[in-house]
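Student: Below is the file coords-v5.cif, which contains mmCIF, C-alpha atoms.
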```
data_run
loop_
_atom_site.label_atom_id
_atom_site.label_comp_id
_atom_site.auth_asym_id
_atom_site.auth_seq_id
_atom_site.Cartn_x
_atom_site.Cartn_y
_atom_site.Cartn_z
CA MET A 1 11.72 -15.17 -15.07
CA LYS A 2 9.99 -18.05 -16.82
CA PRO A 3 9.85 -21.41 -14.99
CA ILE A 4 12.93 -23.60 -15.24
CA ALA A 5 12.27 -27.20 -16.24
CA VAL A 6 14.52 -29.74 -14.50
CA LEU A 7 14.29 -32.98 -16.45
CA SER A 8 13.69 -35.78 -13.96
CA GLY A 9 16.67 -38.11 -13.62
CA ASP A 10 18.90 -39.25 -10.78
CA LYS A 11 18.90 -37.67 -7.31
CA ARG A 12 21.12 -34.80 -8.48
CA GLN A 13 18.20 -33.48 -10.52
CA ASP A 14 16.01 -33.46 -7.40
CA TYR A 15 18.62 -31.47 -5.49
CA ILE A 16 19.14 -29.07 -8.40
CA ASN A 17 15.40 -28.39 -8.35
CA GLN A 18 15.36 -27.90 -4.57
CA TYR A 19 18.39 -25.61 -4.55
CA LEU A 20 17.04 -23.38 -7.32
CA ASN A 21 13.71 -22.99 -5.55
CA GLN A 22 15.40 -22.26 -2.24
CA HIS A 23 17.31 -19.44 -3.91
CA GLY A 24 14.35 -17.81 -5.59
CA TYR A 25 14.36 -19.48 -9.01
CA PRO A 26 11.05 -20.94 -10.28
CA ALA A 27 12.20 -24.48 -11.02
CA TYR A 28 10.05 -27.58 -11.32
CA LEU A 29 10.67 -31.25 -12.09
CA LYS A 30 9.79 -32.21 -15.66
CA THR A 31 8.45 -35.71 -16.32
CA THR A 32 7.27 -35.29 -19.92
CA MET A 33 8.87 -34.37 -23.23
CA ASP A 34 6.55 -31.42 -23.85
CA PHE A 35 8.80 -28.35 -23.80
CA ASN A 36 6.48 -25.85 -25.52
CA GLN A 37 6.27 -23.53 -22.51
CA ASP A 38 9.87 -23.85 -21.34
CA LYS A 39 12.72 -21.46 -21.99
CA TYR A 40 15.28 -23.16 -19.73
CA ILE A 41 15.65 -26.95 -19.55
CA ILE A 42 18.13 -28.57 -17.18
CA CYS A 43 19.08 -32.04 -18.36
CA SER A 44 21.18 -34.66 -16.64
CA THR A 45 24.93 -35.10 -16.44
CA PRO A 46 25.76 -36.76 -18.74
CA LEU A 47 23.12 -35.54 -21.17
CA CYS A 48 23.10 -38.85 -23.08
CA LYS A 49 23.21 -42.49 -22.08
CA LYS A 50 24.68 -45.16 -24.32
CA GLY A 51 25.61 -42.35 -26.65
CA LYS A 52 22.15 -42.10 -28.23
CA TYR A 53 19.38 -41.72 -25.64
CA ILE A 54 18.39 -38.77 -23.47
CA ASN A 55 19.35 -39.41 -19.86
CA CYS A 56 16.16 -39.34 -17.80
CA ASP A 57 14.30 -41.66 -15.45
CA PHE A 58 10.89 -41.84 -17.15
CA TYR A 59 12.05 -43.15 -20.56
CA SER A 60 14.64 -45.90 -20.89
CA SER A 61 15.38 -45.29 -24.56
CA PHE A 62 14.20 -41.90 -25.79
CA PRO A 63 16.41 -40.99 -28.79
CA ILE A 64 18.50 -37.86 -28.37
CA GLU A 65 17.64 -36.87 -31.97
CA THR A 66 13.93 -36.91 -31.12
CA PHE A 67 14.57 -34.86 -27.99
CA ILE A 68 16.45 -32.23 -30.00
CA ASN A 69 13.69 -32.10 -32.62
CA LEU A 70 11.12 -31.34 -29.92
CA LEU A 71 12.93 -28.19 -28.85
CA LYS A 72 11.92 -24.70 -29.93
CA PRO A 73 14.06 -21.80 -31.16
CA ASN A 74 15.84 -19.78 -28.45
CA GLN A 75 15.46 -22.43 -25.76
CA ILE A 76 18.47 -22.85 -23.50
CA ILE A 77 19.51 -26.36 -22.54
CA PHE A 78 21.84 -27.20 -19.66
CA GLY A 79 23.51 -30.59 -19.34
CA GLY A 80 26.81 -32.35 -18.86
CA SER A 81 29.12 -33.99 -21.40
CA ILE A 82 27.04 -32.70 -24.30
CA PRO A 83 28.08 -34.41 -27.57
CA ARG A 84 29.90 -31.99 -29.85
CA GLU A 85 27.68 -32.74 -32.83
CA LEU A 86 24.62 -31.34 -31.06
CA TYR A 87 26.13 -27.86 -31.15
CA ALA A 88 25.44 -27.81 -34.89
CA VAL A 89 21.73 -27.42 -34.10
CA ASN A 90 21.34 -23.68 -34.60
CA LYS A 91 17.89 -23.13 -33.13
CA ILE A 92 18.85 -23.81 -29.51
CA LYS A 93 21.62 -22.85 -27.11
CA LEU A 94 23.48 -25.63 -25.30
CA ILE A 95 25.35 -24.95 -22.06
CA ASP A 96 27.64 -27.74 -20.86
CA VAL A 97 27.92 -27.42 -17.09
CA LEU A 98 31.18 -29.37 -17.23
CA ASP A 99 32.79 -26.48 -19.09
CA ASN A 100 32.83 -24.75 -15.69
CA GLU A 101 36.34 -25.35 -14.33
CA ASN A 102 35.30 -24.82 -10.71
CA LEU A 103 32.50 -27.37 -11.05
CA VAL A 104 34.81 -29.90 -12.71
CA TRP A 105 37.40 -29.52 -9.95
CA ASN A 106 34.81 -29.95 -7.19
CA ASN A 107 33.33 -32.94 -9.02
CA SER A 108 36.78 -34.51 -9.07
CA VAL A 109 36.97 -34.08 -5.29
CA LEU A 110 33.62 -35.88 -4.93
CA THR A 111 34.84 -38.58 -7.31
CA ALA A 112 37.96 -39.17 -5.23
CA GLU A 113 35.96 -39.44 -2.00
CA GLY A 114 33.31 -41.68 -3.54
CA LEU A 115 35.91 -43.98 -5.06
CA ILE A 116 36.96 -45.01 -1.57
CA ALA A 117 33.57 -46.71 -1.10
CA TYR A 118 34.00 -48.63 -4.36
CA ILE A 119 37.48 -49.77 -3.36
CA ILE A 120 36.43 -50.87 0.12
CA ASN A 121 33.39 -52.75 -1.22
CA ASN A 122 35.29 -54.51 -4.02
CA THR A 123 38.58 -55.54 -2.44
CA ASP A 124 39.52 -57.83 0.43
CA PHE A 125 42.57 -55.85 1.56
CA THR A 126 43.16 -52.41 3.01
CA ILE A 127 44.10 -49.25 1.15
CA ASN A 128 46.82 -48.80 3.76
CA ASN A 129 50.08 -49.98 2.18
CA ALA A 130 48.34 -51.12 -1.03
CA LYS A 131 50.32 -50.48 -4.21
CA ILE A 132 48.12 -48.28 -6.39
CA LEU A 133 48.64 -47.16 -9.99
CA ILE A 134 46.64 -44.16 -11.21
CA LEU A 135 46.37 -43.71 -14.97
CA GLY A 136 46.10 -39.99 -15.70
CA PHE A 137 47.05 -37.09 -13.45
CA GLY A 138 44.47 -34.49 -14.39
CA LYS A 139 41.89 -33.16 -11.95
CA CYS A 140 40.47 -36.58 -11.05
CA GLY A 141 43.84 -38.29 -10.88
CA THR A 142 45.28 -35.55 -8.70
CA ASN A 143 42.48 -35.74 -6.15
CA ILE A 144 42.34 -39.54 -6.17
CA ALA A 145 46.07 -39.66 -5.45
CA ARG A 146 45.69 -37.14 -2.64
CA VAL A 147 42.85 -39.01 -0.93
CA LEU A 148 44.40 -42.48 -1.26
CA ALA A 149 47.82 -41.25 -0.14
CA ALA A 150 46.16 -39.81 2.97
CA LEU A 151 44.99 -43.37 3.70
CA SER A 152 48.61 -44.55 3.34
CA GLY A 153 48.22 -46.06 -0.11
CA ARG A 154 51.49 -46.34 -2.02
CA ILE A 155 50.81 -44.22 -5.09
CA SER A 156 52.30 -44.49 -8.57
CA VAL A 157 51.15 -42.33 -11.46
CA TYR A 158 51.22 -42.68 -15.23
CA ASP A 159 50.50 -39.71 -17.49
CA HIS A 160 51.55 -39.12 -21.08
CA THR A 161 52.26 -35.45 -20.29
CA ALA A 162 55.74 -34.82 -18.91
CA ILE A 163 54.67 -31.86 -16.78
CA HIS A 164 52.00 -33.95 -15.07
CA LEU A 165 54.56 -36.63 -14.21
CA THR A 166 56.85 -33.93 -12.86
CA GLN A 167 54.02 -32.61 -10.68
CA ALA A 168 53.25 -36.13 -9.44
CA ARG A 169 56.87 -36.73 -8.49
CA ALA A 170 57.05 -33.36 -6.76
CA LEU A 171 54.14 -34.48 -4.58
CA GLY A 172 56.04 -37.61 -3.60
CA TYR A 173 54.40 -40.14 -5.93
CA GLU A 174 56.24 -42.51 -8.20
CA GLY A 175 55.99 -41.28 -11.79
CA ILE A 176 55.98 -43.99 -14.47
CA GLU A 177 56.49 -43.27 -18.16
CA GLU A 178 54.60 -45.19 -20.83
CA LYS A 179 57.61 -47.25 -21.92
CA ASP A 180 58.18 -48.38 -18.34
CA ILE A 181 54.63 -49.46 -17.42
CA ILE A 182 55.25 -52.99 -18.69
CA HIS A 183 58.10 -53.40 -16.19
CA HIS A 184 56.06 -52.26 -13.18
CA ILE A 185 52.53 -53.45 -13.88
CA HIS A 186 52.90 -56.79 -12.10
CA LYS A 187 53.40 -55.18 -8.70
CA PHE A 188 50.12 -53.31 -8.24
CA ASP A 189 47.17 -54.26 -6.05
CA ILE A 190 44.88 -51.60 -7.53
CA ILE A 191 44.90 -49.85 -10.90
CA ILE A 192 42.60 -46.85 -11.40
CA ASN A 193 41.94 -45.42 -14.84
CA THR A 194 40.82 -41.80 -15.30
CA VAL A 195 41.58 -41.51 -19.05
CA PRO A 196 38.85 -42.10 -21.71
CA LYS A 197 41.34 -43.84 -23.99
CA GLU A 198 42.94 -47.28 -23.95
CA ILE A 199 46.49 -47.23 -22.60
CA PHE A 200 47.14 -50.92 -22.03
CA HIS A 201 47.72 -53.59 -24.68
CA GLU A 202 47.11 -57.30 -24.24
CA ILE A 203 50.62 -57.87 -22.94
CA HIS A 204 49.87 -55.50 -20.05
CA TYR A 205 46.75 -57.43 -19.06
CA SER A 206 48.68 -60.69 -19.20
CA ARG A 207 51.16 -59.39 -16.63
CA ILE A 208 48.73 -57.85 -14.13
CA LYS A 209 48.44 -59.79 -10.87
CA LYS A 210 45.35 -61.99 -10.76
CA ASP A 211 44.26 -60.47 -7.46
CA CYS A 212 44.70 -56.90 -8.70
CA SER A 213 41.48 -54.86 -8.92
CA LEU A 214 40.88 -52.50 -11.86
CA PHE A 215 38.66 -49.47 -11.31
CA GLU A 216 37.26 -47.59 -14.32
CA ILE A 217 36.55 -43.95 -13.53
CA ALA A 218 36.67 -42.55 -17.08
CA SER A 219 33.58 -41.98 -19.17
CA SER A 220 32.94 -43.56 -22.56
CA PRO A 221 34.91 -44.73 -24.54
CA TYR A 222 36.67 -45.74 -21.28
CA GLY A 223 40.25 -46.86 -20.81
CA PHE A 224 40.16 -50.50 -19.77
CA ASN A 225 39.37 -53.20 -22.31
CA LYS A 226 36.58 -55.30 -20.80
CA ASP A 227 37.19 -58.26 -23.09
CA LEU A 228 40.90 -58.44 -22.23
CA ALA A 229 40.17 -58.03 -18.53
CA ASN A 230 37.75 -60.96 -18.75
CA LYS A 231 40.19 -63.02 -20.80
CA TYR A 232 42.81 -62.76 -18.07
CA ARG A 233 40.22 -63.13 -15.28
CA LEU A 234 40.86 -59.73 -13.80
CA SER A 235 38.39 -57.92 -11.57
CA LEU A 236 37.16 -54.83 -13.44
CA ILE A 237 34.86 -52.50 -11.53
CA THR A 238 33.22 -49.75 -13.56
CA CYS A 239 32.32 -46.71 -11.47
CA PRO A 240 29.92 -44.54 -13.49
CA GLY A 241 28.94 -41.10 -12.26
CA ILE A 242 30.48 -41.37 -8.81
CA PRO A 243 29.41 -37.87 -7.63
CA GLY A 244 25.77 -38.62 -8.46
CA ALA A 245 25.96 -42.05 -6.85
CA THR A 246 27.73 -41.22 -3.59
CA ALA A 247 27.12 -37.49 -3.02
CA PRO A 248 24.04 -36.48 -5.07
CA LYS A 249 23.12 -33.55 -2.81
CA THR A 250 26.52 -31.91 -3.02
CA ALA A 251 26.87 -32.73 -6.72
CA GLY A 252 23.40 -31.39 -7.52
CA GLU A 253 23.97 -28.18 -5.60
CA LEU A 254 27.27 -27.60 -7.40
CA ILE A 255 25.47 -27.87 -10.75
CA ALA A 256 22.68 -25.57 -9.52
CA LYS A 257 25.22 -22.93 -8.43
CA SER A 258 26.84 -23.07 -11.85
CA ILE A 259 23.46 -22.57 -13.53
CA ILE A 260 22.58 -19.68 -11.20
CA SER A 261 25.87 -18.04 -12.13
CA TYR A 262 24.93 -18.31 -15.80
CA LEU A 263 21.41 -16.99 -15.20
CA GLU A 264 22.73 -14.02 -13.22
CA ARG A 265 25.02 -13.07 -16.07
CA THR A 266 22.38 -13.41 -18.78
CA GLU A 267 19.16 -12.35 -17.08
CA ILE A 268 20.42 -9.61 -14.79
CA ASN A 269 23.20 -8.21 -16.92
CA GLY A 270 21.51 -8.99 -20.21
CA SER A 271 24.66 -10.50 -21.70
#
```
Translate this structure into structure tokens?
Tutor:
Amino acid sequence: MKPIAVLSGDKRQDYINQYLNQHGYPAYLKTTMDFNQDKYIICSTPLCKKGKYINCDFYSSFPIETFINLLKPNQIIFGGSIPRELYAVNKIKLIDVLDNENLVWNNSVLTAEGLIAYIINNTDFTINNAKILILGFGKCGTNIARVLAALSGRISVYDHTAIHLTQARALGYEGIEEKDIIHHIHKFDIIINTVPKEIFHEIHYSRIKKDCSLFEIASSPYGFNKDLANKYRLSLITCPGIPGATAPKTAGELIAKSIISYLERTEINGS
């Protein structure tokens, strides 16, 4: 097998490189944009930063378009949250590691655990008995609710999908429908958003308690409106890439396992 280039980035990339080598794959850390000899290139999760630059630690603003233009036909690129428009580039194959359901679920577990550190470091009250609203009850929302409920947080859930609200209620959480949020929003100590879409309007921000803390877990385009949070002097804590920040070894190894699974299917089975 040809060497596997792991584009240098956050600590997850280091652990991906280590894990691959430990399991017999010829990986090495890449600190240049010369990909002439590479067949496999493992980029960061997310692949892009600020929506237009390649996510690496040796260039602060290397355009994603330039990166794509440097690639050669038949190269295989791994990364997370790959923008849909890049799939139109026919000469290369893009593999989004976050299309792996097992990886996404395990990442949501790491996110839930790591969020505890953000909450403890950014509030002056305990999770125990705190009134917590979670926006979105997908994989992240489900695990966040589970972890915070285990610490005796009082959990309420909003989700636009009826079945998700039913599941939340079945687990013992308060389920709040969209039309009812306005009547409950004043009572929460913590509001956690997991949905990359704005749910609140200005009237919601005006009714949130001044000592309530807002935690943004979603990726761009995010869910909380920073300008409205500032206008009403609310504490908004953005928590980007929690798995990579609080558990880079585990997160990196999960990505490496996903890549090994792909390589086993394609290299060994020839599929």
Student: Would you list the contacts of A:Tyr59 as a VMD selection string, taking every protein, DNA or RNA residue within 12 Å and counting all atoms listed in the file, but skipping same-chain residues closer than 6 positions in sequence?
Tutor: chain A and resid 7 to 9 31 to 33 49 53 67
Student: Mind writing the picked residues with C-alpha atoms as a PDB file, in the coordinates of the input?
Tutor:
```pdb
ATOM      1  CA  LEU A   7      14.290 -32.980 -16.450  1.00  0.00           C
ATOM      2  CA  SER A   8      13.690 -35.780 -13.960  1.00  0.00           C
ATOM      3  CA  GLY A   9      16.670 -38.110 -13.620  1.00  0.00           C
ATOM      4  CA  THR A  31       8.450 -35.710 -16.320  1.00  0.00           C
ATOM      5  CA  THR A  32       7.270 -35.290 -19.920  1.00  0.00           C
ATOM      6  CA  MET A  33       8.870 -34.370 -23.230  1.00  0.00           C
ATOM      7  CA  LYS A  49      23.210 -42.490 -22.080  1.00  0.00           C
ATOM      8  CA  TYR A  53      19.380 -41.720 -25.640  1.00  0.00           C
ATOM      9  CA  PHE A  67      14.570 -34.860 -27.990  1.00  0.00           C
TER      10      PHE A  67
END
```
Student: Between atom CA of A:Gly252 and atom CA of A:Gln13, what is the spacing in Å?
Tutor: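 We find that atom CA of A:Gln13 and atom CA of A:Gly252 lie 6.4 Å from each other.
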Student: Produce a table with one row for each residue of stretch 109-168 of chain A that has an atom at most 6 Å from any atom of stretch 185-209 of chain A, each row naming the nearest atom pair and its distance in Å at one decimal; use all atoms listed in the file; arrange rows by chain and rising residue number; format as JSON lines.
Tutor:
```
{"residue": "A:Lys131", "atom": "CA", "partner": "A:Phe188", "partner_atom": "CA", "distance": 4.9}
{"residue": "A:Ile132", "atom": "CA", "partner": "A:Ile190", "partner_atom": "CA", "distance": 4.8}
{"residue": "A:Leu133", "atom": "CA", "partner": "A:Ile191", "partner_atom": "CA", "distance": 4.7}
{"residue": "A:Ile134", "atom": "CA", "partner": "A:Ile192", "partner_atom": "CA", "distance": 4.9}
{"residue": "A:Leu135", "atom": "CA", "partner": "A:Asn193", "partner_atom": "CA", "distance": 4.8}
{"residue": "A:Gly136", "atom": "CA", "partner": "A:Thr194", "partner_atom": "CA", "distance": 5.6}
```
Student: If we count all atoms listed in the file and set the cut-off at 7 Å, which residues sit around A:Ala130, ignoring sequence neighbours fewer than 2 positions away in its own chain? Please answer as number ranges by chain.
Tutor: A: 126-128, 132, 153-154, 189
Student: Between A:Gly114, A:Gly223, A:Pro83, A:Gly138, which has the minimum distance to A:Thr250 (counting all atoms listed in the file)?
Tutor: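 Looking only at the distances to A:Thr250, the closest residue turns out to be A:Gly114.
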Student: On this file, the PyMOL selection byres ((chain A and resi 142) around 12) gives some set of residues; write that set as a VMD selection string.
Tutor: chain A and resid 105 to 106 108 to 109 111 to 112 134 to 141 143 to 149 155 to 159 164 to 165 167 to 169 171 173 192 194
Student: Selection in question (the file shown): the PyMOL selection byres ((chain A and resi 91-103) around 9). Which residues does it include, as a list in words?
Tutor: Thr45, Ile68, Leu71, Lys72, Pro73, Asn74, Gln75, Ile76, Ile77, Phe78, Gly79, Gly80, Ser81, Ile82, Leu86, Tyr87, Val89, Asn90, Val104, Trp105, Asn106, Asn107, Ser108, Ala251, Leu254, Ile255, Lys257, Ser258 and Ile259 of chain A
Student: What does the file look like for those residues with C-alpha atoms, as an mmCIF file, in the frame of the given file?
Tutor:
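Everything below was put into part.cif:
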```cif
data_model
loop_
_atom_site.group_PDB
_atom_site.id
_atom_site.type_symbol
_atom_site.label_atom_id
_atom_site.label_comp_id
_atom_site.auth_asym_id
_atom_site.auth_seq_id
_atom_site.Cartn_x
_atom_site.Cartn_y
_atom_site.Cartn_z
ATOM 1 C CA THR A 45 24.930 -35.100 -16.440
ATOM 2 C CA ILE A 68 16.450 -32.230 -30.000
ATOM 3 C CA LEU A 71 12.930 -28.190 -28.850
ATOM 4 C CA LYS A 72 11.920 -24.700 -29.930
ATOM 5 C CA PRO A 73 14.060 -21.800 -31.160
ATOM 6 C CA ASN A 74 15.840 -19.780 -28.450
ATOM 7 C CA GLN A 75 15.460 -22.430 -25.760
ATOM 8 C CA ILE A 76 18.470 -22.850 -23.500
ATOM 9 C CA ILE A 77 19.510 -26.360 -22.540
ATOM 10 C CA PHE A 78 21.840 -27.200 -19.660
ATOM 11 C CA GLY A 79 23.510 -30.590 -19.340
ATOM 12 C CA GLY A 80 26.810 -32.350 -18.860
ATOM 13 C CA SER A 81 29.120 -33.990 -21.400
ATOM 14 C CA ILE A 82 27.040 -32.700 -24.300
ATOM 15 C CA LEU A 86 24.620 -31.340 -31.060
ATOM 16 C CA TYR A 87 26.130 -27.860 -31.150
ATOM 17 C CA VAL A 89 21.730 -27.420 -34.100
ATOM 18 C CA ASN A 90 21.340 -23.680 -34.600
ATOM 19 C CA VAL A 104 34.810 -29.900 -12.710
ATOM 20 C CA TRP A 105 37.400 -29.520 -9.950
ATOM 21 C CA ASN A 106 34.810 -29.950 -7.190
ATOM 22 C CA ASN A 107 33.330 -32.940 -9.020
ATOM 23 C CA SER A 108 36.780 -34.510 -9.070
ATOM 24 C CA ALA A 251 26.870 -32.730 -6.720
ATOM 25 C CA LEU A 254 27.270 -27.600 -7.400
ATOM 26 C CA ILE A 255 25.470 -27.870 -10.750
ATOM 27 C CA LYS A 257 25.220 -22.930 -8.430
ATOM 28 C CA SER A 258 26.840 -23.070 -11.850
ATOM 29 C CA ILE A 259 23.460 -22.570 -13.530
#
```
Student: Nearest to A:Tyr222: which of A:His160, A:Cys239, A:Tyr40, A:Ala117 is it, counting all atoms listed in the file?
Tutor: A:Cys239
Student: Could you tell me how far atom CA of A:Cys212 sits from atom CA of A:Leu234, in Å to one decimal place?
Tutor: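 About the pair atom CA of A:Leu234 and atom CA of A:Cys212: they are 7.0 Å apart.
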Student: Quote the spacing between atom CA of A:Asp10 and atom CA of A:Ser213 in Å to one decimal place.
Tutor: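 Spanning atom CA of A:Asp10 to atom CA of A:Ser213 is a straight-line distance of 27.5 Å.
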Student: Could you list the residues chosen by the PyMOL selection byres ((chain A and resi 242) around 9) in this structure as a short mmCIF file (atom, residue, chain, number, x, y, z; two decimals) with C-alpha atoms, in the frame of the given file?
Tutor:
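And here's expr00.cif as it stands now:
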```
data_model
loop_
_atom_site.label_atom_id
_atom_site.label_comp_id
_atom_site.auth_asym_id
_atom_site.auth_seq_id
_atom_site.Cartn_x
_atom_site.Cartn_y
_atom_site.Cartn_z
CA ASN A 107 33.33 -32.94 -9.02
CA LEU A 110 33.62 -35.88 -4.93
CA THR A 111 34.84 -38.58 -7.31
CA ALA A 112 37.96 -39.17 -5.23
CA GLU A 113 35.96 -39.44 -2.00
CA GLY A 114 33.31 -41.68 -3.54
CA LEU A 115 35.91 -43.98 -5.06
CA ILE A 217 36.55 -43.95 -13.53
CA CYS A 239 32.32 -46.71 -11.47
CA PRO A 240 29.92 -44.54 -13.49
CA GLY A 241 28.94 -41.10 -12.26
CA PRO A 243 29.41 -37.87 -7.63
CA GLY A 244 25.77 -38.62 -8.46
CA ALA A 245 25.96 -42.05 -6.85
CA THR A 246 27.73 -41.22 -3.59
CA ALA A 247 27.12 -37.49 -3.02
CA PRO A 248 24.04 -36.48 -5.07
#
```
Student: Please provide the set of residues having any atom within 7 Å of stretch 18-28 of chain A, restricted to only C-alpha atoms, with same-chain residues fewer than 3 positions apart removed, written as a VMD selection string.
Tutor: chain A and resid 3 to 6 14 to 15 253 256
Student: With all atoms listed in the file as the counted atoms, please give the residues lying no more than 12 Å from A:Ser60, apart from itself and same-chain residues fewer than 4 positions off, as a PyMOL selection string.
Tutor: chain A and resi 9+48-50+52-56+64
Student: Just checking: using all atoms listed in the file, which residue out of A:Lys39, A:Ile237, A:Gly175, A:Pro221 ends up closest to A:Ile119?
Tutor: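 Answer, going by the shortest atom-to-atom distance: A:Ile237.
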Student: Centre and edge lengths, as JSON, for the axis-aligned box enclosing every listed atom of stretch 70-74 of chain A with 6 Å of padding on each of the six sides, in Å to one decimal?
Tutor:
```
{"center_x": 13.5, "center_y": -25.6, "center_z": -29.8, "size_x": 16.7, "size_y": 23.6, "size_z": 14.7}
```
Student: Between A:Ile116, A:Ala162, A:Ile176, A:Leu29, which one has atoms that come closest to A:Ile42, using only C-alpha atoms?
Tutor: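 Among the listed residues, A:Leu29 lies closest to A:Ile42.
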Student: For a quick check of understanding, using only C-alpha atoms, which of A:Ile41, A:Ala88, A:Ile260, A:Leu214 has the smallest distance to A:Arg233?
Tutor: A:Leu214
Student: With distances taken over all atoms listed in the file, which of A:Thr266, A:Asn230, A:Ser152, A:Thr123 is nearest to A:Asp211?
Tutor: A:Thr123
